[in-house]
Each structure stands twice: as C-alpha cells, then as structure tokens.
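Next comes target_15.cif, a file with mmCIF, C-alpha atoms.
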data_model
#
loop_
_atom_site.label_atom_id
_atom_site.label_comp_id
_atom_site.auth_asym_id
_atom_site.auth_seq_id
_atom_site.Cartn_x
_atom_site.Cartn_y
_atom_site.Cartn_z
CA MET A 935 -20.22 -97.32 102.57
CA ILE A 936 -17.82 -94.63 101.41
CA ILE A 937 -16.84 -91.63 103.51
CA ASN A 938 -15.67 -88.64 101.53
CA HIS A 939 -12.76 -87.48 103.68
CA PRO A 940 -12.43 -83.68 103.36
CA ILE A 941 -8.68 -83.94 102.69
CA LEU A 942 -8.09 -87.43 101.31
CA GLY A 943 -11.22 -87.91 99.24
CA PRO A 944 -13.44 -90.99 99.15
CA ARG A 945 -12.29 -93.73 101.52
CA ASP A 946 -13.85 -97.05 102.46
CA ALA A 947 -15.81 -96.92 105.71
CA ALA A 948 -13.81 -99.96 106.89
CA GLU A 949 -10.86 -97.62 107.42
CA PHE A 950 -12.84 -95.68 110.02
CA VAL A 951 -13.92 -96.28 113.58
CA TYR A 952 -17.28 -94.99 114.76
CA LEU A 953 -17.42 -93.15 118.07
CA GLY A 954 -20.95 -91.77 118.28
CA ASP A 955 -23.00 -88.61 118.46
CA ALA A 956 -21.00 -85.51 117.54
CA ALA A 957 -22.62 -83.80 120.54
CA LEU A 958 -19.76 -85.44 122.49
CA ILE A 959 -17.71 -82.43 121.38
CA ASN A 960 -19.78 -80.29 123.77
CA ARG A 961 -18.38 -81.66 127.00
CA PRO A 962 -19.49 -79.60 130.00
CA ASP A 963 -16.88 -77.74 132.03
CA GLY A 964 -15.79 -80.18 134.73
CA MET A 965 -15.14 -77.39 137.25
CA THR A 966 -18.48 -75.62 137.02
CA ALA A 967 -21.11 -77.92 135.49
CA SER A 968 -23.54 -79.79 137.70
CA VAL A 969 -23.58 -83.56 138.18
CA GLU A 970 -26.86 -83.70 136.29
CA THR A 971 -25.31 -81.95 133.30
CA PHE A 972 -22.48 -84.46 133.25
CA HIS A 973 -24.92 -87.36 133.66
CA ASP A 974 -26.85 -86.15 130.63
CA TYR A 975 -23.66 -85.65 128.62
CA LEU A 976 -22.40 -89.12 129.47
CA TYR A 977 -25.55 -91.21 129.24
CA LEU A 978 -28.26 -89.50 127.22
CA ARG A 979 -28.24 -89.77 123.44
CA ASP A 980 -30.74 -88.85 120.81
CA ASN A 981 -31.46 -91.75 118.50
CA PRO A 982 -32.92 -90.09 115.43
CA ALA A 983 -34.30 -91.97 112.44
CA GLY A 984 -32.91 -89.55 109.89
CA GLU A 985 -30.09 -87.05 109.81
CA HIS A 986 -27.46 -87.60 112.49
CA ARG A 987 -24.10 -85.93 113.13
CA GLU A 988 -21.51 -88.46 114.19
CA LEU A 989 -17.85 -88.66 115.12
CA TRP A 990 -15.73 -90.98 113.01
CA TYR A 991 -12.00 -91.63 113.40
CA HIS A 992 -9.81 -92.41 110.38
CA GLU A 993 -7.98 -95.16 112.21
CA GLN A 994 -6.49 -96.83 109.12
CA GLY A 995 -5.64 -93.53 107.51
CA ASP A 996 -4.43 -90.15 108.64
CA ARG A 997 -5.99 -90.55 112.11
CA SER A 998 -8.07 -87.43 111.88
CA TRP A 999 -11.41 -87.13 113.64
CA LEU A 1000 -14.35 -86.32 111.38
CA VAL A 1001 -17.88 -85.10 111.92
CA VAL A 1002 -20.00 -87.03 109.46
CA THR A 1003 -23.60 -86.05 108.79
CA ARG A 1004 -25.36 -89.28 107.92
CA ASN A 1005 -28.96 -90.28 107.43
CA THR A 1006 -29.46 -93.27 109.73
CA VAL A 1007 -32.34 -94.53 107.59
CA THR A 1008 -30.76 -94.39 104.13
CA HIS A 1009 -27.04 -94.25 105.16
CA GLU A 1010 -26.68 -91.30 102.81
CA ILE A 1011 -23.77 -89.09 103.87
CA THR A 1012 -24.44 -85.44 103.16
CA LYS A 1013 -21.53 -83.70 104.85
CA VAL A 1014 -18.06 -84.58 106.16
CA GLU A 1015 -16.00 -82.08 108.15
CA LEU A 1016 -12.80 -82.22 110.17
CA ALA A 1017 -13.88 -82.43 113.80
CA ARG A 1018 -11.25 -79.88 114.79
CA ASP A 1019 -12.84 -77.31 112.47
CA VAL A 1020 -16.26 -78.02 113.96
CA ALA A 1021 -14.91 -77.80 117.50
CA ARG A 1022 -13.04 -74.58 116.85
CA ALA A 1023 -16.11 -73.04 115.23
CA GLN A 1024 -17.90 -73.78 118.52
CA GLY A 1025 -15.06 -72.27 120.54
CA ARG A 1026 -14.11 -75.65 121.99
CA SER A 1027 -10.42 -75.62 121.11
CA LYS A 1028 -7.99 -73.07 122.54
CA MET B 1140 32.55 -97.44 135.72
CA ALA B 1141 31.87 -100.32 133.42
CA GLU B 1142 32.54 -99.75 129.81
CA ILE B 1143 29.41 -100.25 127.79
CA LYS B 1144 29.90 -101.56 124.32
CA LEU B 1145 26.86 -101.38 122.09
CA LYS B 1146 26.63 -103.07 118.76
CA PRO B 1147 24.46 -101.37 116.18
CA LEU B 1148 21.91 -103.72 114.62
CA THR B 1149 19.43 -103.17 111.87
CA ALA B 1150 15.71 -103.34 112.59
CA LEU B 1151 15.72 -107.00 111.54
CA GLY B 1152 18.54 -107.70 113.98
CA HIS B 1153 21.39 -108.10 111.51
CA ASP B 1154 24.72 -106.32 111.12
CA LEU B 1155 23.85 -105.18 107.63
CA PRO B 1156 20.53 -104.32 106.01
CA VAL B 1157 18.77 -107.01 104.02
CA THR B 1158 18.36 -106.96 100.28
CA GLU B 1159 16.44 -109.89 98.89
CA ALA B 1160 14.34 -111.02 96.00
CA LEU B 1161 10.66 -111.66 96.66
CA GLY B 1162 9.57 -113.28 93.42
CA PRO B 1163 9.75 -110.57 90.75
CA TRP B 1164 10.22 -107.87 93.39
CA THR B 1165 13.23 -106.67 95.32
CA LEU B 1166 13.02 -105.77 98.99
CA THR B 1167 15.69 -103.47 100.39
CA GLU B 1168 15.93 -102.64 104.05
CA ARG B 1169 17.07 -99.06 104.45
CA PHE B 1170 18.87 -97.77 107.51
CA ASP B 1171 20.53 -94.77 105.90
CA VAL B 1172 17.63 -92.36 106.40
CA ALA B 1173 17.08 -90.15 109.43
CA LEU B 1174 13.51 -89.19 110.28
CA ALA B 1175 11.80 -86.49 112.29
CA SER B 1176 8.20 -85.40 112.47
CA LEU B 1177 7.44 -81.75 111.93
CA ALA B 1178 4.25 -80.22 113.32
CA PRO B 1179 3.85 -76.45 112.91
CA ARG B 1180 2.43 -74.73 115.97
CA ARG B 1181 -1.04 -73.23 115.66
CA GLY B 1182 -1.08 -70.14 113.49
CA ARG B 1183 2.56 -70.45 112.44
CA LEU B 1184 2.19 -72.63 109.33
CA ASP B 1185 3.17 -69.82 106.95
CA GLU B 1186 6.29 -69.09 108.99
CA VAL B 1187 7.22 -72.79 108.91
CA ARG B 1188 6.59 -73.02 105.17
CA ALA B 1189 8.87 -70.03 104.53
CA ALA B 1190 11.65 -71.47 106.69
CA ALA B 1191 11.27 -74.87 105.02
CA ALA B 1192 11.51 -73.29 101.57
CA ARG B 1193 14.74 -71.51 102.56
CA ALA B 1194 16.24 -74.73 103.93
CA GLY B 1195 15.16 -76.86 100.97
CA ILE B 1196 12.73 -78.99 102.98
CA PRO B 1197 9.70 -79.85 100.84
CA MET B 1198 6.38 -79.59 102.67
CA SER B 1199 4.33 -81.79 100.43
CA ALA B 1200 0.63 -81.46 99.76
CA PRO B 1201 -1.77 -83.70 101.72
CA ALA B 1202 -1.38 -87.40 100.88
CA ARG B 1203 1.81 -86.65 98.95
CA ALA B 1204 5.55 -87.17 99.35
CA GLU B 1205 8.28 -85.03 97.87
CA LEU B 1206 12.04 -85.36 97.58
CA GLY B 1207 14.38 -82.38 97.66
CA ALA B 1208 18.14 -82.24 97.17
CA THR B 1209 18.97 -83.24 100.75
CA PHE B 1210 15.64 -83.46 102.52
CA GLY B 1211 12.53 -85.35 101.61
CA ALA B 1212 9.18 -85.26 103.34
CA PHE B 1213 5.78 -86.87 103.32
CA TRP B 1214 2.46 -85.73 104.71
CA MET B 1215 1.24 -87.68 107.74
CA THR B 1216 -1.91 -85.96 108.96
CA PRO B 1217 -3.31 -82.42 108.98
CA ASP B 1218 -0.45 -80.12 110.06
CA MET B 1219 2.15 -82.87 110.39
CA TRP B 1220 4.92 -84.02 108.07
CA MET B 1221 7.70 -86.58 108.34
CA VAL B 1222 11.05 -85.20 107.21
CA GLU B 1223 13.63 -87.57 105.72
CA ALA B 1224 17.35 -86.80 105.53
CA PRO B 1225 20.53 -88.81 104.86
CA PHE B 1226 21.55 -90.58 108.06
CA ALA B 1227 25.27 -90.11 107.38
CA THR B 1228 25.02 -86.33 107.56
CA HIS B 1229 21.86 -85.89 109.66
CA GLU B 1230 22.02 -88.64 112.28
CA ASP B 1231 21.15 -85.99 114.85
CA ILE B 1232 18.28 -84.63 112.80
CA ARG B 1233 16.33 -82.80 115.51
CA PRO B 1234 18.95 -80.09 116.22
CA ALA B 1235 19.37 -79.65 112.47
CA LEU B 1236 15.65 -78.96 112.08
CA LEU B 1237 15.44 -76.87 115.24
CA ALA B 1238 18.01 -74.56 113.67
CA VAL B 1239 15.64 -74.12 110.74
CA PHE B 1240 12.29 -73.84 112.53
CA GLY B 1241 13.11 -72.65 116.05
CA ASP B 1242 9.99 -72.74 118.19
CA ALA B 1243 7.58 -72.39 115.27
CA ALA B 1244 7.11 -76.16 115.06
CA SER B 1245 7.24 -79.24 117.25
CA ILE B 1246 10.00 -81.54 116.02
CA THR B 1247 10.31 -85.11 117.20
CA GLU B 1248 13.11 -87.49 116.38
CA GLN B 1249 11.62 -90.58 114.70
CA THR B 1250 14.61 -92.37 113.17
CA ASP B 1251 14.58 -95.39 115.47
CA ALA B 1252 10.81 -95.70 115.58
CA TRP B 1253 10.50 -97.06 112.05
CA VAL B 1254 11.79 -99.76 109.79
CA ARG B 1255 11.98 -98.81 106.15
CA PHE B 1256 11.58 -101.30 103.33
CA ASP B 1257 11.92 -100.18 99.73
CA LEU B 1258 10.17 -102.45 97.26
CA ALA B 1259 10.88 -102.36 93.56
CA GLY B 1260 9.63 -104.30 90.58
CA PRO B 1261 6.80 -104.53 88.09
CA GLU B 1262 3.12 -104.51 89.10
CA LEU B 1263 3.71 -103.91 92.80
CA GLU B 1264 -0.06 -103.54 93.15
CA ARG B 1265 -0.35 -107.32 92.76
CA LEU B 1266 1.63 -107.67 95.97
CA MET B 1267 0.20 -104.73 97.87
CA GLU B 1268 -3.44 -105.53 97.11
CA ARG B 1269 -2.98 -108.59 99.33
CA LEU B 1270 -1.65 -106.51 102.19
CA SER B 1271 -3.36 -103.13 102.25
CA ASN B 1272 -6.64 -101.62 101.07
CA PHE B 1273 -4.82 -98.66 99.54
CA ASP B 1274 -5.45 -98.69 95.81
CA LEU B 1275 -1.86 -98.48 94.57
CA ALA B 1276 -2.30 -98.86 90.82
CA PRO B 1277 -4.28 -95.66 90.09
CA ALA B 1278 -2.43 -93.62 92.75
CA PRO B 1279 -0.15 -90.96 91.25
CA GLU B 1280 3.61 -90.98 91.69
CA GLY B 1281 4.45 -89.31 94.97
CA ALA B 1282 1.29 -90.52 96.69
CA ALA B 1283 1.83 -91.08 100.40
CA THR B 1284 -0.67 -92.54 102.81
CA ARG B 1285 -0.91 -94.22 106.14
CA THR B 1286 -2.43 -97.65 105.79
CA VAL B 1287 -2.71 -100.84 107.81
CA ILE B 1288 -0.79 -103.98 106.84
CA GLU B 1289 -1.48 -107.07 108.96
CA HIS B 1290 -2.70 -104.83 111.82
CA MET B 1291 0.43 -102.69 111.66
CA GLY B 1292 0.05 -98.99 110.93
CA CYS B 1293 2.45 -98.25 108.08
CA TYR B 1294 3.22 -95.38 105.77
CA LEU B 1295 3.23 -96.25 102.09
CA ILE B 1296 4.84 -93.97 99.52
CA LYS B 1297 4.60 -94.57 95.79
CA ARG B 1298 7.97 -93.34 94.50
CA SER B 1299 7.29 -94.42 90.91
CA ALA B 1300 5.26 -96.98 88.99
CA GLN B 1301 7.81 -99.64 89.99
CA ALA B 1302 9.03 -98.49 93.39
CA ILE B 1303 7.40 -97.95 96.76
CA THR B 1304 8.66 -97.19 100.25
CA LEU B 1305 7.10 -98.71 103.35
CA TYR B 1306 7.67 -97.37 106.84
CA GLY B 1307 6.47 -99.75 109.52
CA PRO B 1308 6.86 -99.79 113.28
CA ARG B 1309 10.46 -100.82 113.98
CA SER B 1310 9.46 -103.04 116.90
CA SER B 1311 7.34 -105.05 114.43
CA ALA B 1312 9.98 -105.11 111.68
CA ARG B 1313 10.12 -108.89 111.49
CA SER B 1314 6.33 -109.18 111.42
CA LEU B 1315 6.12 -106.72 108.55
CA HIS B 1316 8.94 -108.50 106.75
CA HIS B 1317 7.12 -111.79 107.31
CA ALA B 1318 3.88 -110.36 105.92
CA LEU B 1319 5.65 -109.15 102.79
CA THR B 1320 7.48 -112.44 102.34
CA VAL B 1321 4.34 -114.55 102.74
CA ALA B 1322 2.29 -112.36 100.38
CA ALA B 1323 5.03 -112.52 97.74
CA ALA B 1324 5.42 -116.29 98.13
CA SER B 1325 1.67 -116.80 97.66
CA LEU B 1326 1.96 -115.13 94.28
CA ALA B 1327 4.95 -117.12 93.08
#
Whole structure, structure tokens version:
Amino acid sequence: MIINHPILGPRDAAEFVYLGDAALINRPDGMTASVETFHDYLYLRDNPAGEHRELWYHEQGDRSWLVVTRNTVTHEITKVELARDVARAQGRSK
Amino acid sequence: MAEIKLKPLTALGHDLPVTEALGPWTLTERFDVALASLAPRRGRLDEVRAAAARAGIPMSAPARAELGATFGAFWMTPDMWMVEAPFATHEDIRPALLAVFGDAASITEQTDAWVRFDLAGPELERLMERLSNFDLAPAPEGAATRTVIEHMGCYLIKRSAQAITLYGPRSSARSLHHALTVAAASLA
C-alpha cells in the first residue's frame, strides 16, 4: 500500500504507523465533559466497511501525523491531509 | 575545587575522526559541523524567511537540503529545519542564530546529538538499498529525508550522485558505523 504524503509524495505504507479513527482528534474537554462522553471517546469506535478517516504517523519519515481517508474494503486511499490542518480547521489547535 | 580535565572525543570515541575505505566507498566521520534546529513560531514563517535570507541561511524546500556560503540547512519536518555551520567559527551556534531570528523561532542546539558520516563513491545506492528504504538512485541532488537504518532514525542527504551525508543519533554512532561496515562488506 502506498500513502501519498501531502508534502513528500508517495511513500510506502511500511514507513507509517497506524493509530486509528481520526475522530480521536475530537477529544472532549477534560474540565467540562461528562464521564460518559469520555467513556465514549475512549472506547467506542465505528467500524465501517467502506470509507474511513484514520490517523497515520510517518514514523520512518518526517514524523508528521496524517489523516488518511481509506476504504476499508478496497484499501483505496482517496485523500491524505496533514492532521494539524484538519485539527486547526476544526478549531482544535490554539 | 577539583580541577576537571575533559578530553574531547569524537562520536566513535577516538581522538580524531575516522576516514576509512568501505569497499569502493569512502566513509568520513565529520566533527567540524555545528548544528541547530530552527522552528519558526506560528504565524512568523515569513519573518523568519526574511531574516534567514539576510543572514545567508538557506531555508530549503521540503525534503531538500541547501548549502550557502557559511550556513547550510536541510528540511526536517513541516516548519522545522536543521541549520549547519562550520564548528570552528560557530561552535556556540544557538546565540549566533538567536541574533538572527530573535524570538520569531525556536532554536535548539543539536551539535552533540548527532554523528555525521559522509559517504562518497560510485553507485552509493547499492550500499544504501541494503540499509534504508529511501530510493536514493532516482532522488535529485539536494534531496534530504529522514529514514530508518537498522532501527536508528537518521537523516540522509544526497549531496551529489557520488556523495551523501548521514546524520545518525550520536549515542548510536558505533551501531550506525557497524551497520554501514557490515553492509559494505557484504557487497565486497
């Protein structure tokens, strides 16, 4: 599998480490969110057969975090973004 | 108070840096380069670029390295570069860069964190393809990338068709040297 890094171009998937669902970016506020909200954030995952947004880490490269949109059935990758851009677009990063 | 006498040693533990032949290739340990990482603060990249241009510090494009008259630099990761300068004149590199960038960038001394090996010779890709998954042969001159060699995170810079620079973790200098030596011996 090849991941088309938005800055470095196509790189072998072996250079990357998989973290999981990109929804992990949306961590609830630890000071105000309820225990149930944190439980759901920590333990509940969708497991779609189809398009999935995932966090990948370029461990053997520039060590950037990526949000990869991948089809879990065909492994086709349709979109690769820098996770920081995604997070900032959601107002996650100050 | 006791007088402390320290003896400077190279990363491989010798008095002088190593130069040796590995088959058709030459390995040169370099200890004459000072290093510092340069990370522009959020929103101040343009300011940093302007200051760098005035000071003759190249801020290379992503995945590239560049050499200026005094300073060189290579790209490490989004919004971070490693700046190289001659050790003889820039041993204390951080204050020198602080004078250029002020508080527009985070500057971290890196000189003693790395061991540098320069490799020269024909068809270096024959050696490196045994060590790293970076495709050296088609890479353009000036390509710079982080890669993993025998589990060690290293920076690899293609200076020319017959010369590369490797920066590896200084505390693993002998392991990296061993990896290079073994790979070269297996090709002899």
Spatial neighbours of Glu1010 in chain A, max dist 12 Å, all atoms listed in the file, sep filter under 2 positions, as a count of residues only
18
Mind pulling up the distance from CA of Leu1326 in chain B to CA of Met1291 in chain B?
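CA of Leu1326 in chain B lies at a distance of 21.4 Å from CA of Met1291 in chain B.
What the PyMOL selection byres ((chain B) within 6 of (chain A)) picks from this file is Thr1216, Arg1285, Thr1286 and Val1287 of chain B.
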In Å and to one decimal, CA of Asp1257 in chain B is distant from CA of Gly1195 in chain B by 23.6 Å
For range 975-980 of chain A, work out the shell of residues within 9 Å, counting only C-alpha atoms and skipping chain neighbours fewer than 3 positions away, then give it as a PyMOL selection string.
chain A and resi 955+957-958+960-962+970-972
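The space between CA of Gln1249 in chain B and CA of Glu1280 in chain B spans 24.4 Å.
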Do a neighbour search on Thr1250 in chain B at 7 Å with only C-alpha atoms, toss out local chain neighbours closer than 2 positions, and write the hits as a count of residues only.
6
Near Asp1019 in chain A, counting all atoms listed in the file, which residues have an atom at most 12 Å away, once you skip same-chain residues fewer than 5 positions from it, shown as a ChimeraX atom specification?
/A:940,959,998-1001,1014,1024-1028 /B:1217
So, counting only C-alpha atoms, which residue among B:Met1219, B:Ser1176, B:Ala1191, B:Pro1277 is closest to Gly1207 in chain B?
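Ranking B:Met1219, B:Ser1176, B:Ala1191, B:Pro1277 by distance to Gly1207 in chain B, first place goes to B:Ala1191.
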Find the spatial neighbours of Pro1225 in chain B, counting only C-alpha atoms, within a cut-off of 10 Å - ignore same-chain residues fewer than 4 positions away - and output them as number ranges by chain.
B: 1170-1174, 1209-1211, 1229-1230, 1232
Using the chain letters and numbers from the file, give me the residues hit by the PyMOL selection byres ((chain B and resi 1164) around 8), as a PyMOL selection string.
chain B and resi 1160-1163+1165-1166+1258-1261+1263
Applying the PyMOL selection byres ((chain B and resi 1289) around 9) to the file I just gave you, which residues come out? Please list them as a VMD selection string.
chain B and resid 1270 to 1271 1287 to 1288 1290 to 1292 1314 to 1315 1318
Shortest interatomic distance to Thr1320 in chain B - which of B:Met1267, B:Ala1243, B:Ala1276, B:Leu1206, counting all atoms listed in the file:
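Nearest to Thr1320 in chain B: B:Met1267.
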Extending 3 Å beyond the listed atoms of range 1200-1203 of chain B on each side, what axis-aligned box results? I want centre and edge lengths in Å to one decimal, as AutoDock Vina command-line options.
--center_x 0.0 --center_y -84.4 --center_z 100.3 --size_x 9.6 --size_y 11.9 --size_z 8.8
